[in-house]
$ cat data_38.txt   # compact mmCIF, C-alpha atoms
# COMPACT_ATOMS: atom_id res chain seq x y z
CA MET A 196 6.20 -11.71 -4.47
CA GLU A 197 6.06 -10.38 -8.03
CA GLY A 198 3.85 -12.42 -10.34
CA GLY A 199 2.29 -14.34 -7.45
CA TRP A 200 -1.24 -13.23 -8.30
CA LEU A 201 -0.70 -14.24 -11.92
CA LYS A 202 0.38 -17.73 -10.85
CA ARG A 203 -2.72 -18.05 -8.68
CA LEU A 204 -4.93 -17.14 -11.65
CA MET A 205 -3.29 -19.71 -13.92
CA PRO A 206 -5.13 -23.04 -14.30
CA ARG A 207 -3.58 -25.92 -12.37
CA GLY A 208 -4.12 -28.61 -14.99
CA LEU A 209 -2.18 -29.12 -18.23
CA TYR A 210 -5.38 -29.01 -20.31
CA GLY A 211 -6.40 -25.65 -18.82
CA ARG A 212 -2.98 -24.10 -19.38
CA ALA A 213 -2.71 -25.43 -22.93
CA ALA A 214 -6.22 -24.18 -23.70
CA LEU A 215 -5.34 -20.77 -22.29
CA ILE A 216 -2.20 -20.60 -24.44
CA LEU A 217 -4.20 -21.61 -27.50
CA PHE A 218 -7.41 -19.60 -27.05
CA LEU A 219 -6.12 -16.37 -25.51
CA PRO A 220 -4.40 -15.19 -28.73
CA VAL A 221 -7.55 -15.98 -30.71
CA VAL A 222 -9.67 -13.86 -28.38
CA VAL A 223 -7.15 -11.02 -28.35
CA VAL A 224 -6.83 -10.99 -32.15
CA THR A 225 -10.61 -11.03 -32.56
CA LEU A 226 -11.02 -8.09 -30.20
CA VAL A 227 -8.23 -6.10 -31.82
CA VAL A 228 -9.59 -6.68 -35.33
CA THR A 229 -13.11 -5.83 -34.22
CA VAL A 230 -12.16 -2.60 -32.49
CA MET A 231 -9.32 -1.36 -34.67
CA PHE A 232 -10.43 -2.49 -38.12
CA LEU A 233 -14.19 -2.95 -38.20
CA GLN A 234 -15.06 0.08 -36.10
CA ARG A 235 -12.78 2.40 -38.02
CA HIS A 236 -13.89 0.94 -41.35
CA PHE A 237 -17.59 1.45 -40.66
CA GLU A 238 -16.97 4.90 -39.22
CA ASP A 239 -15.17 5.99 -42.39
CA VAL A 240 -17.87 4.52 -44.64
CA THR A 241 -20.59 6.17 -42.56
CA ARG A 242 -18.89 9.57 -42.79
CA GLN A 243 -18.60 9.31 -46.56
CA MET A 244 -22.25 8.29 -46.99
CA ALA A 245 -23.44 10.99 -44.59
CA ARG A 246 -21.51 13.66 -46.53
CA SER A 247 -23.04 12.46 -49.80
CA ALA A 248 -26.55 12.58 -48.36
CA SER A 249 -25.97 15.99 -46.75
CA ALA A 250 -25.80 17.61 -50.22
CA GLU A 251 -29.32 16.38 -51.05
CA ILE A 252 -30.62 17.41 -47.64
CA ALA A 253 -29.01 20.86 -48.06
CA LEU A 254 -30.73 21.37 -51.43
CA ILE A 255 -34.13 20.57 -49.98
CA ALA A 256 -33.42 22.72 -46.90
CA ASP A 257 -32.70 25.71 -49.15
CA ARG A 258 -35.91 25.22 -51.13
CA VAL A 259 -38.16 24.98 -48.07
CA ALA A 260 -36.54 28.03 -46.49
CA SER A 261 -36.95 30.46 -49.44
CA PRO A 262 -40.79 30.62 -50.08
CA ASP A 263 -42.98 32.84 -47.89
CA SER A 264 -45.78 30.40 -47.13
CA ASP A 265 -45.50 26.92 -45.62
CA ALA A 266 -47.54 25.43 -48.44
CA ALA A 267 -45.27 26.92 -51.08
CA ALA A 268 -42.22 25.79 -49.15
CA PHE A 269 -43.64 22.27 -48.83
CA GLU A 270 -44.40 22.05 -52.57
CA ALA A 271 -40.97 23.40 -53.50
CA GLY A 272 -39.22 20.94 -51.21
CA ARG A 273 -41.41 18.03 -52.30
CA ALA A 274 -40.62 18.73 -55.94
CA ILE A 275 -36.94 18.11 -55.14
CA ALA A 276 -37.40 15.31 -52.57
CA VAL A 277 -39.54 12.96 -54.66
CA PRO A 278 -37.07 12.56 -57.54
CA LEU A 279 -34.30 11.99 -54.99
CA GLY A 280 -36.26 9.19 -53.25
CA LEU A 281 -36.95 11.23 -50.10
CA THR A 282 -40.23 11.77 -48.27
CA LEU A 283 -41.03 15.28 -47.07
CA THR A 284 -43.67 15.77 -44.38
CA MET A 285 -44.88 18.53 -42.07
CA PRO A 286 -44.87 17.04 -38.57
CA PRO A 287 -46.74 18.62 -35.66
CA PRO A 288 -44.66 20.89 -33.45
CA GLY A 289 -42.49 18.92 -31.03
CA ASP A 290 -43.16 15.61 -32.80
CA VAL A 291 -39.56 15.04 -33.90
CA SER A 292 -36.72 14.91 -31.38
CA GLU A 293 -33.13 13.74 -31.63
CA ARG A 294 -33.03 10.06 -30.57
CA ARG A 295 -30.58 7.15 -30.97
CA ARG A 296 -30.35 3.64 -29.55
CA PHE A 297 -27.43 3.15 -27.15
CA TYR A 298 -25.88 0.35 -29.21
CA ASP A 299 -26.18 2.24 -32.52
CA PHE A 300 -22.52 3.28 -32.80
CA SER A 301 -22.73 4.34 -36.44
CA GLY A 302 -25.71 6.58 -35.59
CA ARG A 303 -23.42 8.73 -33.45
CA ILE A 304 -21.30 9.41 -36.56
CA VAL A 305 -24.41 10.19 -38.66
CA ILE A 306 -25.72 12.76 -36.20
CA SER A 307 -22.39 14.53 -35.78
CA GLU A 308 -21.72 14.65 -39.55
CA LEU A 309 -25.18 16.03 -40.44
CA HIS A 310 -25.00 18.71 -37.79
CA ALA A 311 -21.50 19.69 -38.89
CA ALA A 312 -22.39 19.83 -42.60
CA LEU A 313 -25.88 21.40 -42.34
CA PRO A 314 -26.64 24.14 -39.81
CA ALA A 315 -30.28 23.91 -40.92
CA VAL A 316 -30.61 20.44 -39.43
CA GLN A 317 -32.45 20.78 -36.12
CA ALA A 318 -32.71 17.11 -35.07
CA VAL A 319 -31.93 13.63 -36.36
CA ASP A 320 -34.21 10.78 -35.28
CA LEU A 321 -32.58 7.32 -35.50
CA GLN A 322 -34.93 5.44 -33.20
CA ASP A 323 -36.07 3.31 -36.11
CA LEU A 324 -32.99 1.40 -37.31
CA ARG A 325 -34.42 1.08 -40.84
CA ARG A 326 -35.37 4.76 -41.31
CA VAL A 327 -33.81 8.16 -40.79
CA ARG A 328 -35.85 11.31 -40.06
CA VAL A 329 -34.12 14.66 -40.34
CA LEU A 330 -35.82 17.87 -39.13
CA VAL A 331 -34.87 20.84 -41.30
CA GLY A 332 -36.20 24.34 -41.85
CA GLY A 333 -36.52 27.54 -39.96
CA VAL A 334 -39.70 28.80 -38.33
CA ARG A 335 -41.78 25.93 -39.67
CA PRO A 336 -39.66 22.74 -39.60
CA PHE A 337 -40.08 19.96 -42.17
CA ALA A 338 -39.23 16.29 -41.75
CA LEU A 339 -37.27 14.33 -44.34
CA ASP A 340 -37.65 10.53 -44.20
CA PHE A 341 -35.39 8.17 -46.15
CA PRO A 342 -33.95 4.64 -45.71
CA ARG A 343 -31.11 4.12 -43.24
CA GLY A 344 -29.11 2.38 -45.93
CA ARG A 345 -28.41 5.74 -47.60
CA LEU A 346 -26.37 6.85 -44.58
CA THR A 347 -24.78 3.71 -43.17
CA ALA A 348 -23.54 0.43 -44.57
CA SER A 349 -26.25 -2.21 -44.69
CA ASN A 350 -25.95 -5.07 -42.18
CA PRO A 351 -22.64 -3.96 -40.69
CA HIS A 352 -22.82 -6.76 -38.14
CA GLN A 353 -22.55 -9.53 -40.72
CA LEU A 354 -18.77 -9.47 -40.88
CA LEU A 355 -18.55 -9.38 -37.08
CA VAL A 356 -20.96 -12.31 -36.72
CA LEU A 357 -19.05 -14.24 -39.37
CA MET A 358 -15.76 -13.58 -37.59
CA ILE A 359 -17.10 -14.62 -34.18
CA GLY A 360 -18.80 -17.70 -35.60
CA THR A 361 -15.64 -18.78 -37.41
CA SER A 362 -13.58 -18.19 -34.27
CA LEU A 363 -15.95 -20.30 -32.17
CA LEU A 364 -15.92 -23.09 -34.75
CA MET A 365 -12.13 -23.13 -34.96
CA THR A 366 -11.90 -22.97 -31.17
CA ALA A 367 -14.14 -26.03 -30.84
CA ILE A 368 -12.06 -27.93 -33.39
CA ALA A 369 -8.86 -26.89 -31.62
CA ALA A 370 -10.30 -27.96 -28.24
CA ILE A 371 -11.12 -31.43 -29.59
CA PHE A 372 -7.68 -31.74 -31.13
CA LEU A 373 -6.02 -30.51 -27.93
CA ARG A 374 -7.97 -32.99 -25.81
CA ASN A 375 -6.94 -35.85 -28.08
CA GLN A 376 -3.32 -34.76 -27.87
CA LEU A 377 -3.40 -34.52 -24.07
CA ARG A 378 -5.15 -37.86 -23.53
CA PRO A 379 -1.89 -39.90 -23.88
CA ILE A 380 -0.20 -37.59 -21.36
CA ARG A 381 -3.03 -38.15 -18.90
CA ARG A 382 -2.84 -41.90 -19.41
CA LEU A 383 0.91 -41.81 -18.80
CA ALA A 384 0.36 -39.77 -15.61
CA ASP A 385 -2.33 -42.18 -14.39
CA VAL A 386 -0.12 -45.22 -15.04
CA ALA A 387 2.86 -43.59 -13.32
CA GLU A 388 0.71 -42.62 -10.32
CA ALA A 389 -0.71 -46.14 -10.11
CA TYR A 390 2.80 -47.59 -10.25
CA GLY A 391 3.75 -45.34 -7.36
CA ARG A 392 0.92 -47.00 -5.39
CA GLY A 393 2.19 -50.46 -6.28
CA GLN A 394 -0.22 -51.15 -9.18
CA ILE A 395 1.12 -52.21 -12.57
CA LEU A 396 -1.40 -51.15 -15.22
CA PRO A 397 -1.11 -52.05 -18.89
CA TYR A 398 0.23 -49.19 -20.96
CA ARG A 399 1.10 -48.74 -24.62
CA PRO A 400 2.85 -45.52 -25.72
CA ALA A 401 0.67 -43.36 -27.97
CA GLY A 402 0.27 -39.77 -29.05
CA ALA A 403 2.86 -37.36 -30.41
CA THR A 404 6.50 -38.32 -30.89
CA GLU A 405 7.63 -36.67 -27.64
CA VAL A 406 4.83 -38.34 -25.66
CA ARG A 407 5.64 -41.73 -27.20
CA SER A 408 9.29 -41.25 -26.31
CA ALA A 409 8.38 -40.41 -22.71
CA GLY A 410 6.02 -43.39 -22.57
CA ARG A 411 8.67 -45.80 -23.85
CA ALA A 412 11.17 -44.38 -21.35
CA PHE A 413 8.65 -44.95 -18.55
CA VAL A 414 7.94 -48.53 -19.65
CA GLU A 415 11.66 -49.30 -19.84
CA MET A 416 12.27 -47.67 -16.47
CA ARG A 417 9.42 -49.62 -14.90
CA GLY A 418 10.80 -52.84 -16.36
CA ARG A 419 14.27 -52.12 -15.01
CA ILE A 420 12.89 -51.35 -11.56
CA GLU A 421 10.86 -54.55 -11.55
CA ARG A 422 13.87 -56.60 -12.63
CA GLN A 423 16.01 -54.99 -9.96
CA ASN A 424 13.35 -55.68 -7.35
CA GLU A 425 13.13 -59.32 -8.42
CA GLN A 426 16.91 -59.64 -8.33
CA ARG A 427 17.02 -58.04 -4.89
CA LYS A 428 14.33 -60.37 -3.58
CA VAL A 429 16.07 -63.43 -5.00
CA MET A 430 19.45 -62.29 -3.66
CA LEU A 431 18.11 -61.56 -0.18
CA SER A 432 16.17 -64.79 -0.11
CA GLY A 433 19.22 -66.79 -1.24
CA ILE A 434 21.57 -65.11 1.23
CA SER A 435 19.09 -65.59 4.05
CA HIS A 436 18.59 -69.26 3.21
CA ASP A 437 22.33 -69.81 2.85
CA LEU A 438 23.00 -68.21 6.23
CA ARG A 439 20.57 -70.53 7.98
CA THR A 440 22.91 -73.53 7.50
CA PRO A 441 25.99 -72.10 9.32
CA LEU A 442 23.73 -70.64 12.00
CA THR A 443 22.23 -74.05 12.59
CA ARG A 444 25.72 -75.56 12.89
CA LEU A 445 26.67 -72.82 15.35
CA ARG A 446 23.63 -73.58 17.47
CA LEU A 447 24.45 -77.31 17.48
CA GLY A 448 28.08 -76.62 18.33
CA LEU A 449 27.14 -74.31 21.17
CA SER A 450 24.66 -76.80 22.56
CA MET A 451 27.37 -79.52 22.70
CA LEU A 452 29.90 -77.38 24.54
CA SER A 453 30.46 -78.25 28.16
CA PRO A 454 28.43 -75.90 30.35
CA ASP A 455 30.06 -77.05 33.59
CA LEU A 456 32.43 -74.15 34.11
CA PRO A 457 30.69 -70.83 34.91
CA PRO A 458 33.00 -68.66 32.72
CA GLU A 459 32.45 -70.90 29.74
CA ARG A 460 28.71 -70.88 30.41
CA ALA A 461 28.69 -67.07 30.34
CA GLU A 462 30.56 -66.96 27.03
CA ILE A 463 28.24 -69.59 25.56
CA GLY A 464 25.22 -67.53 26.62
CA ASP A 465 26.59 -64.42 24.89
CA MET A 466 27.28 -66.39 21.73
CA GLU A 467 23.80 -67.91 21.79
CA ARG A 468 22.24 -64.45 22.07
CA ASP A 469 24.29 -63.25 19.08
CA VAL A 470 23.23 -66.29 17.07
CA ALA A 471 19.59 -65.74 18.05
CA GLU A 472 19.79 -62.10 16.97
CA MET A 473 21.25 -63.08 13.61
CA GLY A 474 18.49 -65.64 13.22
CA ALA A 475 15.86 -62.98 13.96
CA MET A 476 17.37 -60.69 11.34
CA ILE A 477 17.35 -63.46 8.75
CA ASP A 478 13.74 -64.31 9.62
CA ALA A 479 12.78 -60.67 9.17
CA PHE A 480 14.49 -60.63 5.78
CA LEU A 481 12.72 -63.82 4.71
CA ASP A 482 9.31 -62.62 5.91
CA HIS A 483 9.66 -59.33 4.09
CA VAL A 484 10.84 -60.92 0.85
CA ARG A 485 8.19 -63.64 1.06
CA ALA A 486 5.41 -61.10 1.58
CA GLU A 487 6.51 -59.06 -1.47
CA THR A 488 6.92 -62.14 -3.62
CA GLN A 489 3.67 -63.90 -2.79
CA GLU A 490 1.37 -60.86 -2.98
CA ALA A 491 0.37 -60.37 -6.61
CA GLY A 492 -1.11 -56.88 -6.51
CA ALA A 493 -3.49 -54.43 -4.90
CA GLU A 494 -7.08 -55.23 -4.04
CA GLN A 495 -10.02 -53.51 -2.40
CA VAL A 496 -9.88 -53.83 1.38
CA ASP A 497 -12.41 -52.81 4.04
CA ILE A 498 -10.25 -50.72 6.35
CA ARG A 499 -12.32 -51.10 9.54
CA GLY A 500 -12.40 -54.88 9.29
CA PHE A 501 -8.72 -54.89 8.31
CA LEU A 502 -7.72 -52.97 11.46
CA ASP A 503 -10.05 -54.95 13.73
CA GLU A 504 -8.42 -58.16 12.54
CA ILE A 505 -4.91 -56.81 13.25
CA VAL A 506 -5.93 -55.69 16.75
CA ALA A 507 -7.62 -59.03 17.51
CA ASP A 508 -4.55 -61.01 16.42
CA ALA A 509 -2.27 -58.78 18.50
CA GLN A 510 -4.46 -59.17 21.56
CA ARG A 511 -4.49 -62.94 21.18
CA GLY A 512 -0.69 -62.77 21.11
CA GLY A 513 -0.67 -61.08 24.50
CA GLN A 514 -0.05 -57.52 23.27
CA ASP A 515 -1.86 -54.60 24.89
CA VAL A 516 -3.26 -53.00 21.72
CA GLU A 517 -6.52 -51.10 21.17
CA LEU A 518 -8.22 -49.39 18.24
CA THR A 519 -9.23 -46.12 19.87
CA ALA A 520 -10.64 -44.14 16.94
CA PHE A 521 -11.79 -44.66 13.37
CA SER A 522 -13.30 -41.82 11.34
CA GLN A 523 -14.65 -41.82 7.80
CA ASP A 524 -15.78 -38.88 5.69
CA GLY A 525 -18.63 -40.74 4.02
CA GLY A 526 -18.38 -42.60 0.74
CA ASP A 527 -16.80 -45.98 0.17
CA ALA A 528 -14.96 -47.55 3.14
CA THR A 529 -12.71 -49.66 0.92
CA VAL A 530 -9.23 -48.75 -0.32
CA TRP A 531 -7.05 -50.27 -3.05
CA LEU A 532 -3.88 -51.58 -1.39
CA ARG A 533 -1.72 -54.64 -0.81
CA PRO A 534 -3.27 -56.09 2.35
CA GLN A 535 -0.47 -58.45 3.36
CA ALA A 536 2.22 -55.81 2.95
CA LEU A 537 0.26 -53.13 4.82
CA ARG A 538 -0.63 -55.64 7.53
CA ARG A 539 3.08 -56.35 8.02
CA ALA A 540 3.81 -52.62 8.24
CA VAL A 541 1.14 -52.04 10.91
CA GLU A 542 2.17 -55.15 12.83
CA ASN A 543 5.78 -53.93 12.81
CA LEU A 544 4.67 -50.61 14.26
CA VAL A 545 2.55 -52.34 16.89
CA GLY A 546 5.41 -54.70 17.73
CA ASN A 547 7.79 -51.79 18.21
CA ALA A 548 5.22 -49.95 20.33
CA VAL A 549 4.66 -52.82 22.81
CA ARG A 550 8.35 -53.78 22.79
CA TYR A 551 9.61 -50.38 23.87
CA GLY A 552 6.50 -49.34 25.80
CA THR A 553 3.72 -51.07 27.71
CA ARG A 554 0.71 -50.49 25.46
CA ALA A 555 -0.22 -49.26 21.98
CA GLU A 556 -3.19 -47.38 20.60
CA ILE A 557 -4.25 -47.31 16.95
CA ASP A 558 -6.34 -44.57 15.36
CA ALA A 559 -7.28 -44.30 11.71
CA ALA A 560 -9.02 -41.81 9.44
CA LEU A 561 -10.36 -42.41 5.93
CA THR A 562 -11.03 -39.36 3.77
CA ALA A 563 -11.76 -38.88 0.10
CA ARG A 564 -8.08 -38.18 -0.56
CA ALA A 565 -6.06 -40.42 1.77
CA LEU A 566 -5.96 -43.17 4.39
CA ARG A 567 -4.16 -42.44 7.66
CA ILE A 568 -3.20 -45.12 10.21
CA ALA A 569 -1.35 -44.04 13.36
CA VAL A 570 0.18 -46.19 16.13
CA GLU A 571 1.07 -44.50 19.42
CA ASP A 572 2.88 -45.94 22.45
CA ASP A 573 3.85 -44.85 25.95
CA GLY A 574 7.56 -45.54 25.53
CA PRO A 575 10.53 -43.16 25.64
CA GLY A 576 9.99 -42.00 22.04
CA ILE A 577 12.64 -40.89 19.55
CA PRO A 578 14.25 -37.44 19.49
CA ALA A 579 13.20 -35.30 16.54
CA GLU A 580 16.76 -35.01 15.21
CA ARG A 581 17.14 -38.81 15.00
CA ARG A 582 13.79 -39.78 13.45
CA ASP A 583 15.11 -39.82 9.90
CA GLU A 584 17.97 -42.03 11.08
CA ALA A 585 15.50 -44.41 12.74
CA LEU A 586 13.87 -45.15 9.37
CA ARG A 587 17.10 -46.56 7.93
CA PRO A 588 17.68 -50.33 7.90
CA PHE A 589 19.65 -51.93 10.75
CA VAL A 590 19.56 -48.75 12.85
CA ARG A 591 18.91 -49.26 16.56
CA LEU A 592 18.81 -46.13 18.64
CA ASP A 593 20.13 -47.28 22.00
CA ALA A 594 19.68 -43.93 23.65
CA ALA A 595 16.10 -43.56 22.49
CA ARG A 596 14.70 -47.10 22.61
CA ASN A 597 15.24 -49.62 25.38
CA GLN A 598 17.12 -52.36 23.59
CA ASP A 599 17.08 -54.67 26.61
CA ARG A 600 13.30 -55.02 26.48
CA GLY A 601 13.48 -57.40 23.52
CA GLN A 602 15.45 -58.42 20.45
CA GLY A 603 15.11 -55.92 17.65
CA THR A 604 16.72 -56.19 14.25
CA GLY A 605 16.51 -52.52 13.22
CA LEU A 606 14.28 -53.41 10.26
CA GLY A 607 10.78 -52.78 11.66
CA LEU A 608 10.49 -49.08 10.86
CA ALA A 609 12.52 -49.43 7.64
CA ILE A 610 10.19 -52.14 6.34
CA ALA A 611 7.10 -50.13 7.33
CA ALA A 612 8.47 -47.04 5.55
CA ASP A 613 9.31 -49.10 2.46
CA ILE A 614 5.77 -50.55 2.35
CA ALA A 615 4.24 -47.07 2.74
CA ARG A 616 6.36 -45.76 -0.15
CA ALA A 617 5.34 -48.76 -2.27
CA HIS A 618 1.73 -47.62 -1.80
CA GLY A 619 2.60 -44.08 -2.85
CA GLY A 620 2.51 -42.81 0.74
CA GLN A 621 4.94 -42.18 3.55
CA LEU A 622 5.69 -43.01 7.19
CA ARG A 623 6.08 -40.09 9.57
CA LEU A 624 7.35 -40.21 13.16
CA GLY A 625 6.22 -37.72 15.78
CA ASP A 626 5.39 -37.19 19.43
CA GLY A 627 2.32 -38.91 20.86
CA ALA A 628 -0.30 -36.52 22.21
CA ARG A 629 -2.26 -39.09 24.27
CA LEU A 630 0.35 -41.53 25.62
CA GLY A 631 3.41 -39.29 25.40
CA GLY A 632 5.58 -41.75 23.49
CA LEU A 633 6.28 -42.23 19.80
CA ARG A 634 3.57 -41.71 17.19
CA ALA A 635 4.16 -43.52 13.90
CA GLU A 636 1.71 -42.50 11.16
CA ILE A 637 1.27 -44.11 7.74
CA THR A 638 -0.46 -41.96 5.11
CA ILE A 639 -1.54 -43.56 1.83
CA PRO A 640 -3.26 -41.55 -0.95
CA ARG A 641 -6.46 -43.07 -2.36
$ encode --input "data_38.txt" --output "C-alpha cells"
Amino acid sequence: MEGGWLKRLMPRGLYGRAALILFLPVVVVTLVVTVMFLQRHFEDVTRQMARSASAEIALIADRVASPDSDAAAFEAGRAIAVPLGLTLTMPPPGDVSERRRFYDFSGRIVISELHAALPAVQAVDLQDLRRVRVLVGGVRPFALDFPRGRLTASNPHQLLVLMIGTSLLMTAIAAIFLRNQLRPIRRLADVAEAYGRGQILPYRPAGATEVRSAGRAFVEMRGRIERQNEQRKVMLSGISHDLRTPLTRLRLGLSMLSPDLPPERAEIGDMERDVAEMGAMIDAFLDHVRAETQEAGAEQVDIRGFLDEIVADAQRGGQDVELTAFSQDGGDATVWLRPQALRRAVENLVGNAVRYGTRAEIDAALTARALRIAVEDDGPGIPAERRDEALRPFVRLDAARNQDRGQGTGLGLAIAADIARAHGGQLRLGDGARLGGLRAEITIPR
C-alpha cells in the first residue's frame, strides 16, 4: 500500500504529530539557509580574500626567486614581507607539507585559490586554524606565515551558532505553548473516556475557541444522555410497577377459577405460566433499573475476591459453578468499576449457563490494559450467525437454547452486554473450548 511506511513512521499521539508539523519546517529552513546561504556566502568571501592575498604572496615569490643566493633571496623577500605584515622564514627541507583539518571547509577554498593564482605556491599548511603557512620558491623554498584572518572571514561559525541557538530557543517556547494548547484536548479525551467507562468526572471547557466549543458540546451531550437515562429508568420502573397490579388481579382470578374440569384446569395452567413469565420479565426490568439507580458510581474492586463471592453465592443457590482460572500480570489487582452492575452481568451469564447446560466454569485474566471475565457452559451453544441477535432484548433462540429447561425473559444477555458497554467494554459470544458449549466473555478496559 502506497504511503503505508510513512503512516507507520508518523507519531500516534496528537502532541507528537503537532510537534512534527511545527518543528519540521523549522529544521528544514535552518538546514536550507545553512547550506545554501551561509556556505555560499563564506565561500565567496574566502575567494575574494584569497585573491587579494595572492597578489602580496606573488610579489614576495618573485623577489625570492630572482637573486642568486639564498641569503640574498631571503633579504629581498623579507624587505617586502615585513611592511606587508608577513613573516618569511627558511624552513628545513620537508618541514612544510599541505595539511587541512577535515572540518575546515573554507580551507579547501583557500588552497584551491592559491594554487590556481600562484604556480609558485608549493604547499599550503592550514593545520593551525589561526595561522596560514604558504611554501613558495623554486630550488630553495621559503615559508610565508600570516594570520588566518587575512584569508577567511573571522569567526564564521558565529552566525550559524546564533541561528541554531535562536531556533532551539523558539522551538522550546513553541513546545511549551503547544503543550498548553493541547492540555484541554487531553482533558476532554480523558473525561470522554471515563464517561465511556461509566465515570462522570468534573469538566469545565477551556483552551482555544474550537476546543471550548467541543467541550461545551460534550457537556451538553453528556447531560442529555444522563437525562434520557433517568427518564428511561423512571419510565421502565413506573411501567413495571403499574403492570404488577393487573398481574396480581390475574393471579387472584385464576386461583379462584374452578379447577374441577380437566380441560379448564389445562387452560388455567397455561394462563398461569404466561402470567408467571410476564412477572419474571417485570422483575428483571425492576432489578436492572434498581441496580442502575442505586449504584452511585465506580469504585476500586478486588477482582479475585469479587469473583470468589459470586461463585460462593451461586454454589449456595444450588448452581454447579466453579472458578477454574485466574491470571494476573503483576501490579495492582483492583479495577475501577461498578460492582453491583458487573455482578448482575456475571450472574446473568452464570444463570444462563446453568439454565441451558448442566454446569458453568468461570475464568478471568487481569492485565495492565484490560479485565477479561469468561463464563463457559456445556449446553447446546448458539450458532455464530445468530449471536448478534442473541444480544438483543427479548430475543429467545428456541432452536439454540432449550427453552423448556427454565423460564427465560430474553434479557439476560442484553443486560450483560449493556453493563459491559457502560464500563467501556463489550460482551462477546463464542464457542467453548473446554466444555463445548457457549462461551460468553466480558472485556473491560482498565
$ atom_distance --input "data_38.txt" --atom1 "CA of Asp257 (chain A)" --atom2 "CA of Gly280 (chain A)"
17.4 Å
$ atom_distance --input "data_38.txt" --atom1 "CA of Val327 (chain A)" --atom2 "CA of Ala248 (chain A)"
11.4 Å
$ closest_residue --input "data_38.txt" --among "A:Gln376, A:Arg641, A:Gln322, A:Val516" --to "Gly619 (chain A)" --atoms "all atoms listed in the file"
A:Arg641
$ atom_distance --input "data_38.txt" --atom1 "CA of Ser450 (chain A)" --atom2 "CA of Leu606 (chain A)"
28.4 Å
$ closest_residue --input "data_38.txt" --among "A:Gly410, A:Arg446, A:Arg422, A:Ala507" --to "Asp469 (chain A)" --atoms "only C-alpha atoms"
A:Arg446
$ closest_residue --input "data_38.txt" --among "A:Glu584, A:Asp572, A:Asp478, A:Glu636" --to "Ala540 (chain A)" --atoms "all atoms listed in the file"
A:Glu636
$ residues_near_point --input "data_38.txt" --point "(3.1, -49.2, -0.1)" --cutoff "8 Å" --atoms "only C-alpha atoms" --output "NGL selection string"
:A and (392-393 or 532-533 or 536-537 or 613-620 or 639)
$ write_last_selection --input "data_38.txt" --atoms "C-alpha atoms" --output "mmCIF file, keeping the file's coordinate frame"
data_model
loop_
_atom_site.group_PDB
_atom_site.id
_atom_site.type_symbol
_atom_site.label_atom_id
_atom_site.label_comp_id
_atom_site.auth_asym_id
_atom_site.auth_seq_id
_atom_site.Cartn_x
_atom_site.Cartn_y
_atom_site.Cartn_z
ATOM 1 C CA ARG A 392 0.920 -47.000 -5.390
ATOM 2 C CA GLY A 393 2.190 -50.460 -6.280
ATOM 3 C CA LEU A 532 -3.880 -51.580 -1.390
ATOM 4 C CA ARG A 533 -1.720 -54.640 -0.810
ATOM 5 C CA ALA A 536 2.220 -55.810 2.950
ATOM 6 C CA LEU A 537 0.260 -53.130 4.820
ATOM 7 C CA ASP A 613 9.310 -49.100 2.460
ATOM 8 C CA ILE A 614 5.770 -50.550 2.350
ATOM 9 C CA ALA A 615 4.240 -47.070 2.740
ATOM 10 C CA ARG A 616 6.360 -45.760 -0.150
ATOM 11 C CA ALA A 617 5.340 -48.760 -2.270
ATOM 12 C CA HIS A 618 1.730 -47.620 -1.800
ATOM 13 C CA GLY A 619 2.600 -44.080 -2.850
ATOM 14 C CA GLY A 620 2.510 -42.810 0.740
ATOM 15 C CA ILE A 639 -1.540 -43.560 1.830
#
$ residues_around --input "data_38.txt" --residues "region 220-224 of chain A" --least-positions-apart "3" --cutoff "10 Å" --atoms "only C-alpha atoms" --output "PyMOL selection string"
chain A and resi 215-217+227-230+359+362-363+365-366
$ residues_around --input "data_38.txt" --residues "Ile252 (chain A)" --least-positions-apart "5" --cutoff "12 Å" --atoms "only C-alpha atoms" --output "ChimeraX atom specification"
/A:245-247,257-259,272-273,275-276,279-283,309-310,312-316,319,327-332,337-341,345-346
$ closest_residue --input "data_38.txt" --among "A:Leu355, A:Val506, A:Ala256, A:Ala493" --to "Ala389 (chain A)" --atoms "only C-alpha atoms"
A:Ala493
$ residues_near_point --input "data_38.txt" --point "(-0.7, -36.6, -27.4)" --cutoff "6 Å" --atoms "all atoms listed in the file" --output "PyMOL selection string"
chain A and resi 376-377+379+402-403
$ residues_around --input "data_38.txt" --residues "Ala520 (chain A)" --least-positions-apart "6" --cutoff "12 Å" --atoms "only C-alpha atoms" --output "PyMOL selection string"
chain A and resi 499+502-503+556-561+567-571
$ residues_around --input "data_38.txt" --residues "Arg335 (chain A)" --least-positions-apart "4" --cutoff "10 Å" --atoms "only C-alpha atoms" --output "ChimeraX atom specification"
/A:259-260,264-265,268,285-288,331
$ closest_residue --input "data_38.txt" --among "A:Arg634, A:Arg419, A:Arg242, A:Arg326" --to "Arg303 (chain A)" --atoms "only C-alpha atoms"
A:Arg242
